[in-house]
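This is coords.txt (compact mmCIF, C-alpha atoms).
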# COMPACT_ATOMS: atom_id res chain seq x y z
CA GLY A 12 55.64 1.42 21.56
CA ILE A 13 58.57 0.92 23.83
CA GLN A 14 59.12 3.70 26.33
CA VAL A 15 62.47 4.76 27.73
CA GLU A 16 62.74 6.47 31.07
CA GLN A 17 65.97 8.10 32.14
CA SER A 18 66.65 9.26 35.67
CA PRO A 19 67.37 11.66 37.08
CA PRO A 20 66.32 14.21 34.44
CA ASP A 21 68.75 16.76 35.86
CA LEU A 22 71.82 16.42 38.02
CA ILE A 23 74.22 18.95 39.48
CA LEU A 24 77.50 17.72 40.89
CA GLN A 25 80.57 19.21 42.44
CA GLU A 26 83.76 18.31 40.63
CA GLY A 27 85.17 15.05 41.98
CA ALA A 28 81.82 13.55 42.94
CA ASN A 29 80.49 10.24 41.65
CA SER A 30 77.10 9.66 40.05
CA THR A 31 74.85 6.95 38.64
CA LEU A 32 72.49 7.51 35.75
CA ARG A 33 69.74 5.03 35.04
CA CYS A 34 67.82 4.00 31.96
CA ASN A 35 64.68 1.86 32.17
CA PHE A 36 62.88 0.31 29.20
CA SER A 37 59.23 -0.70 29.20
CA ASP A 38 60.02 -3.78 27.09
CA SER A 39 63.03 -5.76 25.92
CA VAL A 40 65.38 -3.84 23.67
CA ASN A 41 68.44 -4.75 21.70
CA ASN A 42 71.75 -3.00 21.25
CA LEU A 43 71.65 -0.58 24.14
CA GLN A 44 73.98 2.40 23.81
CA TRP A 45 74.95 5.37 25.93
CA PHE A 46 75.81 8.73 24.35
CA HIS A 47 77.11 11.99 25.71
CA GLN A 48 76.00 15.21 24.04
CA ASN A 49 78.57 17.80 24.97
CA PRO A 50 77.82 21.53 25.31
CA TRP A 51 78.84 22.01 21.67
CA GLY A 52 76.11 19.61 20.57
CA GLN A 53 78.24 16.68 19.48
CA LEU A 54 76.87 13.20 20.17
CA ILE A 55 79.70 11.02 21.40
CA ASN A 56 79.49 7.25 21.72
CA LEU A 57 80.23 6.16 25.26
CA PHE A 58 79.23 2.51 25.39
CA TYR A 59 77.65 -0.06 23.15
CA ILE A 60 76.41 -2.42 25.84
CA PRO A 61 73.59 -4.85 25.02
CA SER A 62 74.42 -6.71 28.24
CA GLY A 63 77.09 -7.00 30.90
CA THR A 64 79.54 -4.42 32.18
CA LYS A 65 82.10 -2.28 30.43
CA GLN A 66 84.54 0.30 31.69
CA ASN A 67 86.34 3.13 29.96
CA GLY A 68 88.45 5.26 32.27
CA ARG A 69 86.25 7.01 34.80
CA LEU A 70 83.08 5.80 33.12
CA SER A 71 81.51 2.39 33.32
CA ALA A 72 78.17 0.94 32.32
CA THR A 73 76.11 -2.10 33.23
CA THR A 74 73.13 -3.47 31.36
CA VAL A 75 70.80 -6.08 32.84
CA ALA A 76 68.82 -6.98 29.76
CA THR A 77 66.53 -9.44 31.57
CA GLU A 78 65.38 -6.65 33.89
CA ARG A 79 65.31 -4.02 31.14
CA TYR A 80 67.61 -1.42 32.61
CA SER A 81 71.07 0.01 32.23
CA LEU A 82 73.26 2.10 34.51
CA LEU A 83 75.99 4.57 33.67
CA TYR A 84 78.52 5.32 36.38
CA ILE A 85 80.64 8.45 36.35
CA SER A 86 83.40 8.58 38.92
CA SER A 87 85.50 11.57 39.95
CA SER A 88 83.42 13.84 37.72
CA GLN A 89 85.05 16.66 35.82
CA THR A 90 83.61 19.83 34.33
CA THR A 91 84.10 18.32 30.88
CA ASP A 92 81.55 15.64 31.81
CA SER A 93 78.82 18.27 31.65
CA GLY A 94 76.18 17.82 29.00
CA VAL A 95 73.28 15.51 28.27
CA TYR A 96 73.51 11.74 28.55
CA PHE A 97 71.22 9.66 26.35
CA CYS A 98 70.53 5.96 26.35
CA THR A 99 69.11 4.27 23.28
CA GLY A 100 67.88 0.83 22.42
CA SER A 101 66.22 -0.80 19.46
CA SER A 102 62.99 -2.71 19.22
CA ASN A 103 62.69 -6.04 17.42
CA THR A 104 61.71 -4.12 14.28
CA GLY A 105 65.01 -2.26 14.41
CA LYS A 106 63.55 1.07 15.37
CA LEU A 107 65.83 3.04 17.67
CA ILE A 108 64.28 4.49 20.79
CA PHE A 109 65.88 7.41 22.60
CA GLY A 110 65.42 8.43 26.18
CA GLN A 111 64.83 12.10 26.96
CA GLY A 112 68.26 12.35 28.50
CA THR A 113 69.86 13.29 31.81
CA THR A 114 71.31 16.80 31.90
CA LEU A 115 74.47 16.84 33.99
CA GLN A 116 76.19 19.96 35.24
CA VAL A 117 79.53 19.57 36.98
CA LYS A 118 80.61 22.63 38.92
CA PRO A 119 84.28 23.42 39.57
CA ASP B 6 90.04 6.85 10.36
CA ALA B 7 86.55 6.19 9.11
CA GLU B 8 84.08 8.91 9.87
CA ILE B 9 80.71 10.46 9.17
CA THR B 10 80.57 14.07 8.05
CA GLN B 11 77.73 16.51 7.54
CA SER B 12 77.59 19.71 5.54
CA PRO B 13 76.87 22.49 5.87
CA ARG B 14 77.30 22.73 9.63
CA HIS B 15 75.25 25.92 9.75
CA LYS B 16 72.73 27.28 7.27
CA ILE B 17 70.22 30.08 7.23
CA THR B 18 67.56 30.02 4.55
CA GLU B 19 64.21 31.56 3.74
CA THR B 20 60.77 30.01 3.86
CA GLY B 21 59.92 28.21 0.63
CA ARG B 22 63.46 27.56 -0.52
CA GLN B 23 64.80 24.10 -1.21
CA VAL B 24 67.59 23.00 1.10
CA THR B 25 69.79 19.92 0.97
CA LEU B 26 71.87 18.70 3.87
CA ALA B 27 74.66 16.31 2.97
CA CYS B 28 75.77 13.25 4.92
CA HIS B 29 78.81 11.20 3.96
CA GLN B 30 80.23 8.19 5.78
CA THR B 31 83.39 6.25 5.06
CA TRP B 32 82.63 3.14 7.14
CA ASN B 33 80.83 1.42 4.29
CA HIS B 34 77.80 1.08 6.57
CA ASN B 35 74.60 -0.11 4.95
CA ASN B 36 72.32 1.71 7.36
CA MET B 37 71.99 5.47 7.48
CA PHE B 38 69.58 7.69 9.40
CA TRP B 39 68.50 11.31 9.67
CA TYR B 40 67.27 12.73 12.98
CA ARG B 41 66.21 16.15 14.09
CA GLN B 42 66.71 17.44 17.59
CA ASP B 43 64.51 20.06 19.16
CA LEU B 44 64.13 21.24 22.72
CA GLY B 45 61.49 19.22 24.49
CA HIS B 46 61.40 16.50 21.84
CA GLY B 47 64.77 14.82 22.01
CA LEU B 48 65.91 13.08 18.84
CA ARG B 49 63.25 12.16 16.29
CA LEU B 50 63.74 9.99 13.24
CA ILE B 51 63.05 11.64 9.88
CA HIS B 52 64.11 9.06 7.27
CA TYR B 53 66.35 6.04 7.13
CA SER B 54 67.92 3.72 4.61
CA TYR B 55 69.09 0.13 4.88
CA GLY B 56 71.02 0.13 1.64
CA VAL B 57 71.41 1.58 -1.83
CA HIS B 58 68.06 2.59 -3.35
CA ASP B 59 66.27 1.79 -0.08
CA THR B 60 64.55 4.63 1.80
CA ASN B 61 61.96 4.61 4.57
CA LYS B 62 59.92 7.20 6.43
CA GLY B 63 60.48 7.86 10.07
CA GLU B 64 58.17 9.45 12.60
CA VAL B 65 58.52 13.05 11.31
CA SER B 66 59.05 12.63 7.57
CA ASP B 67 56.54 15.21 6.23
CA GLY B 68 58.34 17.91 4.24
CA TYR B 69 61.55 15.90 3.90
CA SER B 70 62.93 13.48 1.35
CA VAL B 71 66.07 11.37 0.97
CA SER B 72 67.70 9.38 -1.77
CA ARG B 73 70.38 6.68 -1.56
CA SER B 74 72.31 6.32 -4.80
CA ASN B 75 75.45 4.90 -3.20
CA THR B 76 76.56 3.43 0.12
CA GLU B 77 78.41 6.50 1.36
CA ASP B 78 75.81 9.27 1.02
CA LEU B 79 72.30 10.02 2.26
CA PRO B 80 71.36 13.63 1.44
CA LEU B 81 68.31 15.10 3.18
CA THR B 82 66.21 17.52 1.13
CA LEU B 83 63.65 20.00 2.36
CA GLU B 84 61.61 20.70 -0.76
CA SER B 85 60.08 23.92 0.56
CA ALA B 86 61.58 24.97 3.86
CA ALA B 87 59.23 26.02 6.65
CA SER B 88 59.97 27.80 9.92
CA SER B 89 58.90 24.64 11.77
CA GLN B 90 61.91 22.93 10.21
CA THR B 91 64.34 25.13 12.08
CA SER B 92 66.28 22.54 14.03
CA VAL B 93 69.55 20.71 14.47
CA TYR B 94 69.83 17.77 12.11
CA PHE B 95 71.96 14.70 12.80
CA CYS B 96 72.97 12.03 10.38
CA ALA B 97 73.94 8.60 11.72
CA SER B 98 75.07 5.26 10.40
CA SER B 99 75.40 1.68 11.59
CA ALA B 100 76.85 -1.50 10.16
CA SER B 101 73.78 -3.61 10.90
CA VAL B 102 70.12 -3.01 11.57
CA ALA B 103 69.93 -1.64 15.11
CA GLY B 104 73.69 -2.08 15.50
CA GLU B 105 76.04 0.39 17.14
CA LEU B 106 75.14 3.85 15.91
CA PHE B 107 77.59 6.61 15.02
CA PHE B 108 76.54 10.25 14.63
CA GLY B 109 77.79 13.10 12.52
CA GLU B 110 78.48 16.47 14.13
CA GLY B 111 75.11 17.92 13.26
CA SER B 112 73.80 20.65 10.94
CA ARG B 113 72.05 23.65 12.43
CA LEU B 114 69.35 24.92 10.06
CA THR B 115 67.48 28.17 10.54
CA VAL B 116 64.48 28.94 8.34
CA LEU B 117 63.45 32.59 8.40
Can you turn what I pasted into structure tokens?
Amino acid sequence: GIQVEQSPPDLILQEGANSTLRCNFSDSVNNLQWFHQNPWGQLINLFYIPSGTKQNGRLSATTVATERYSLLYISSSQTTDSGVYFCTGSSNTGKLIFGQGTTLQVKP
Amino acid sequence: DAEITQSPRHKITETGRQVTLACHQTWNHNNMFWYRQDLGHGLRLIHYSYGVHDTNKGEVSDGYSVSRSNTEDLPLTLESAASSQTSVYFCASSASVAGELFFGEGSRLTVL
């Protein structure tokens, strides 16, 4: 089946720093999404981004579907950005595939 | 605003008891999913439904069942709870197959 690799697995930042999270797929996927799981366990939709670039405040994402990867940019990080970031995609059969996540800790 | 809600948010039960976790969405989405999340395993699909009276097994369906009698609800039943089913359970829905996915807030289940 399709494999999803997220990097880095863990990241520690000082407040105010910028970061880039990456998601690689072993095969073409549809409907790529980025989620943030906050320290309380809630899964929050960040971007639905099958292709192209989107921005929402300090966060932006770019998906290059032809090269099977997506990037999530976090600028001027804040402590509230801490948590786990997941990317997901779906195979042609509709099955959703989750990455193992990037755990981000932003220190004040 | 449309939403997806799960109940109960926390439950403690004993081995062998039947447990039902409720999931209700107000988006009128056809597709609904149940996942469990455990340390070291990420999110794993338990069951899913593409519409009323449709149910399908996911990758970790043993010991679980679902039924879809209407568009809004997909209850997850553990017929005889086991300690291995201690986990956090997430319900999700989407408007189309493999479309944008929306999650509920999760239900933490402890089986003693």
Distance-based interface of chain B with chain A, 12 Å, counting all atoms listed in the file, as number ranges by chain: B: 9-11, 14, 36, 38-40, 42-55, 61-64, 93-99, 101-113
Selection near B:Asp67, 12 Å with only C-alpha atoms, sequence-local residues under 6 positions removed, as a PDB file with C-alpha atoms, in the coordinates of the input:
ATOM      1  CA  LEU B  50      63.740   9.990  13.240  1.00  0.00           C
ATOM      2  CA  ILE B  51      63.050  11.640   9.880  1.00  0.00           C
ATOM      3  CA  HIS B  52      64.110   9.060   7.270  1.00  0.00           C
ATOM      4  CA  THR B  82      66.210  17.520   1.130  1.00  0.00           C
ATOM      5  CA  LEU B  83      63.650  20.000   2.360  1.00  0.00           C
ATOM      6  CA  GLU B  84      61.610  20.700  -0.760  1.00  0.00           C
ATOM      7  CA  SER B  85      60.080  23.920   0.560  1.00  0.00           C
ATOM      8  CA  ALA B  86      61.580  24.970   3.860  1.00  0.00           C
ATOM      9  CA  ALA B  87      59.230  26.020   6.650  1.00  0.00           C
ATOM     10  CA  SER B  89      58.900  24.640  11.770  1.00  0.00           C
ATOM     11  CA  GLN B  90      61.910  22.930  10.210  1.00  0.00           C
TER      12      GLN B  90
END
Option closest in space to B:Ala100, from B:Thr25, B:Thr76, B:Ser66, B:Ser12 [counting all atoms listed in the file]: B:Thr76
Selection near stretch 15-19 of chain B, 6 Å with all atoms listed in the file, sequence-local residues under 2 positions removed, as a PyMOL selection string: chain B and resi 13+22+112-117
Atomic separation - atom CA of A:Gln66 relative to atom CA of B:Asn35, Å: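 Between atom CA of B:Asn35 and atom CA of A:Gln66 the gap is 28.5 Å.
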Selection near A:Tyr80, 9 Å with all atoms listed in the file, sequence-local residues under 4 positions removed, as a list in words: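 Listed by chain and then number, they are Arg33, Cys34, Asn35, Phe36, Thr73, Thr74, Val75 and Ala76 of chain A.
The two atoms in question, atom CA of A:Thr113 and atom CA of A:Pro50, are spaced 13.2 Å apart.
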Long-range neighbours of stretch 86-95 of chain A as a list of chain:residue names, 7 Å cut-off, only C-alpha atoms, 4 positions minimum in chain: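 Using only C-alpha atoms, the neighbours found are A:Glu26, A:Gly27, A:Ala28, A:Asn29, A:Ser30, A:His47, A:Gln48, A:Asn49, A:Pro50, A:Arg69, A:Leu70, A:Gly112, A:Thr113, A:Thr114, A:Leu115, A:Gln116, A:Val117, A:Lys118, A:Pro119.
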Could those residues be written to a file, using C-alpha atoms, as a PDB file, keeping the file's coordinate frame?
ATOM      1  CA  GLU A  26      83.760  18.310  40.630  1.00  0.00           C
ATOM      2  CA  GLY A  27      85.170  15.050  41.980  1.00  0.00           C
ATOM      3  CA  ALA A  28      81.820  13.550  42.940  1.00  0.00           C
ATOM      4  CA  ASN A  29      80.490  10.240  41.650  1.00  0.00           C
ATOM      5  CA  SER A  30      77.100   9.660  40.050  1.00  0.00           C
ATOM      6  CA  HIS A  47      77.110  11.990  25.710  1.00  0.00           C
ATOM      7  CA  GLN A  48      76.000  15.210  24.040  1.00  0.00           C
ATOM      8  CA  ASN A  49      78.570  17.800  24.970  1.00  0.00           C
ATOM      9  CA  PRO A  50      77.820  21.530  25.310  1.00  0.00           C
ATOM     10  CA  ARG A  69      86.250   7.010  34.800  1.00  0.00           C
ATOM     11  CA  LEU A  70      83.080   5.800  33.120  1.00  0.00           C
ATOM     12  CA  GLY A 112      68.260  12.350  28.500  1.00  0.00           C
ATOM     13  CA  THR A 113      69.860  13.290  31.810  1.00  0.00           C
ATOM     14  CA  THR A 114      71.310  16.800  31.900  1.00  0.00           C
ATOM     15  CA  LEU A 115      74.470  16.840  33.990  1.00  0.00           C
ATOM     16  CA  GLN A 116      76.190  19.960  35.240  1.00  0.00           C
ATOM     17  CA  VAL A 117      79.530  19.570  36.980  1.00  0.00           C
ATOM     18  CA  LYS A 118      80.610  22.630  38.920  1.00  0.00           C
ATOM     19  CA  PRO A 119      84.280  23.420  39.570  1.00  0.00           C
TER      20      PRO A 119
END
Which residue of B:Ser70, B:Val65, B:Leu79, B:Ser92 approaches B:His29 most closely, using all atoms listed in the file: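 That would be B:Leu79, the residue with the smallest distance to B:His29.
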Interatomic distance (Å, one decimal) between atom CA of B:Thr31 and atom CA of B:Pro80: 14.6 Å
Could you check which residues have any atom within 6 Å of (84.7, 6.2, 7.3), counting all atoms listed in the file with coordinates taken straight from the file, and then list them as a compact mmCIF listing (two decimals) with C-alpha atoms, keeping the file's coordinate frame?
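Output contents, as saved in point.txt:
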# COMPACT_ATOMS: atom_id res chain seq x y z
CA ALA B 7 86.55 6.19 9.11
CA GLU B 8 84.08 8.91 9.87
CA GLN B 30 80.23 8.19 5.78
CA THR B 31 83.39 6.25 5.06
CA TRP B 32 82.63 3.14 7.14
Might I get the box with edges along x, y and z of the file that holds all atoms of stretch 112-116 of chain B listed there, padded by 4 Å on every side, given as centre and edge lengths in Å to one decimal, as JSON?
{"center_x": 69.1, "center_y": 24.8, "center_z": 10.4, "size_x": 17.3, "size_y": 16.3, "size_z": 12.1}
Near-B:Asp78 list (8 Å; all atoms listed in the file; drop same-chain fewer than 3 positions) as a ChimeraX atom specification: /B:27-30,73-75
Complete stretch 72-83 of chain A with all heavy atoms (output as a CSV table (one decimal), in the coordinates of the input).
chain,number,residue,atom,x,y,z
A,72,ALA,N,79.6,1.2,32.6
A,72,ALA,CA,78.2,0.9,32.3
A,72,ALA,C,77.8,-0.5,32.5
A,72,ALA,O,78.7,-1.4,32.3
A,72,ALA,CB,77.8,1.4,30.9
A,73,THR,N,76.6,-0.7,33.0
A,73,THR,CA,76.1,-2.1,33.2
A,73,THR,C,74.7,-2.2,32.7
A,73,THR,O,73.9,-1.3,32.9
A,73,THR,CB,76.1,-2.4,34.7
A,73,THR,OG1,77.4,-2.4,35.2
A,73,THR,CG2,75.4,-3.8,35.0
A,74,THR,N,74.5,-3.2,31.9
A,74,THR,CA,73.1,-3.5,31.4
A,74,THR,C,72.7,-4.8,31.9
A,74,THR,O,73.4,-5.8,31.7
A,74,THR,CB,73.1,-3.4,29.8
A,74,THR,OG1,73.4,-2.1,29.4
A,74,THR,CG2,71.7,-3.8,29.3
A,75,VAL,N,71.5,-4.8,32.5
A,75,VAL,CA,70.8,-6.1,32.8
A,75,VAL,C,69.6,-6.2,31.9
A,75,VAL,O,68.5,-5.7,32.2
A,75,VAL,CB,70.4,-6.0,34.3
A,75,VAL,CG1,69.8,-7.4,34.7
A,75,VAL,CG2,71.6,-5.7,35.2
A,76,ALA,N,69.8,-6.9,30.8
A,76,ALA,CA,68.8,-7.0,29.8
A,76,ALA,C,67.5,-7.7,30.3
A,76,ALA,O,66.4,-7.3,29.9
A,76,ALA,CB,69.4,-7.7,28.5
A,77,THR,N,67.7,-8.7,31.1
A,77,THR,CA,66.5,-9.4,31.6
A,77,THR,C,65.6,-8.6,32.4
A,77,THR,O,64.4,-8.8,32.5
A,77,THR,CB,67.0,-10.7,32.4
A,77,THR,OG1,67.9,-10.2,33.4
A,77,THR,CG2,67.7,-11.7,31.5
A,78,GLU,N,66.2,-7.5,33.1
A,78,GLU,CA,65.4,-6.6,33.9
A,78,GLU,C,65.2,-5.3,33.2
A,78,GLU,O,64.6,-4.4,33.8
A,78,GLU,CB,66.1,-6.5,35.3
A,78,GLU,CG,66.1,-7.8,36.0
A,78,GLU,CD,66.6,-7.7,37.4
A,78,GLU,OE1,66.5,-6.5,38.0
A,78,GLU,OE2,67.1,-8.6,38.0
A,79,ARG,N,65.6,-5.2,32.0
A,79,ARG,CA,65.3,-4.0,31.1
A,79,ARG,C,65.8,-2.7,31.7
A,79,ARG,O,65.1,-1.7,31.7
A,79,ARG,CB,63.8,-3.9,30.9
A,79,ARG,CG,63.2,-5.2,30.2
A,79,ARG,CD,61.9,-5.0,29.7
A,79,ARG,NE,60.9,-4.6,30.7
A,79,ARG,CZ,60.2,-5.4,31.4
A,79,ARG,NH1,60.3,-6.7,31.2
A,79,ARG,NH2,59.3,-4.9,32.3
A,80,TYR,N,67.0,-2.7,32.2
A,80,TYR,CA,67.6,-1.4,32.6
A,80,TYR,C,69.1,-1.4,32.4
A,80,TYR,O,69.8,-2.4,32.2
A,80,TYR,CB,67.3,-1.1,34.1
A,80,TYR,CG,68.1,-1.9,35.1
A,80,TYR,CD1,69.3,-1.5,35.6
A,80,TYR,CD2,67.6,-3.1,35.6
A,80,TYR,CE1,70.1,-2.3,36.5
A,80,TYR,CE2,68.3,-3.9,36.5
A,80,TYR,CZ,69.5,-3.4,37.0
A,80,TYR,OH,70.2,-4.2,37.9
A,81,SER,N,69.6,-0.2,32.4
A,81,SER,CA,71.1,0.0,32.2
A,81,SER,C,71.5,1.2,33.1
A,81,SER,O,70.7,2.1,33.4
A,81,SER,CB,71.4,0.3,30.8
A,81,SER,OG,72.8,0.4,30.6
A,82,LEU,N,72.7,1.1,33.6
A,82,LEU,CA,73.3,2.1,34.5
A,82,LEU,C,74.6,2.6,33.9
A,82,LEU,O,75.4,1.9,33.4
A,82,LEU,CB,73.5,1.5,35.9
A,82,LEU,CG,72.4,0.9,36.6
A,82,LEU,CD1,72.8,0.2,37.9
A,82,LEU,CD2,71.3,1.9,37.0
A,83,LEU,N,74.7,3.9,34.1
A,83,LEU,CA,76.0,4.6,33.7
A,83,LEU,C,76.6,5.2,34.9
A,83,LEU,O,75.9,6.0,35.6
A,83,LEU,CB,75.8,5.6,32.6
A,83,LEU,CG,77.0,6.4,32.2
A,83,LEU,CD1,77.9,5.5,31.4
A,83,LEU,CD2,76.6,7.6,31.3
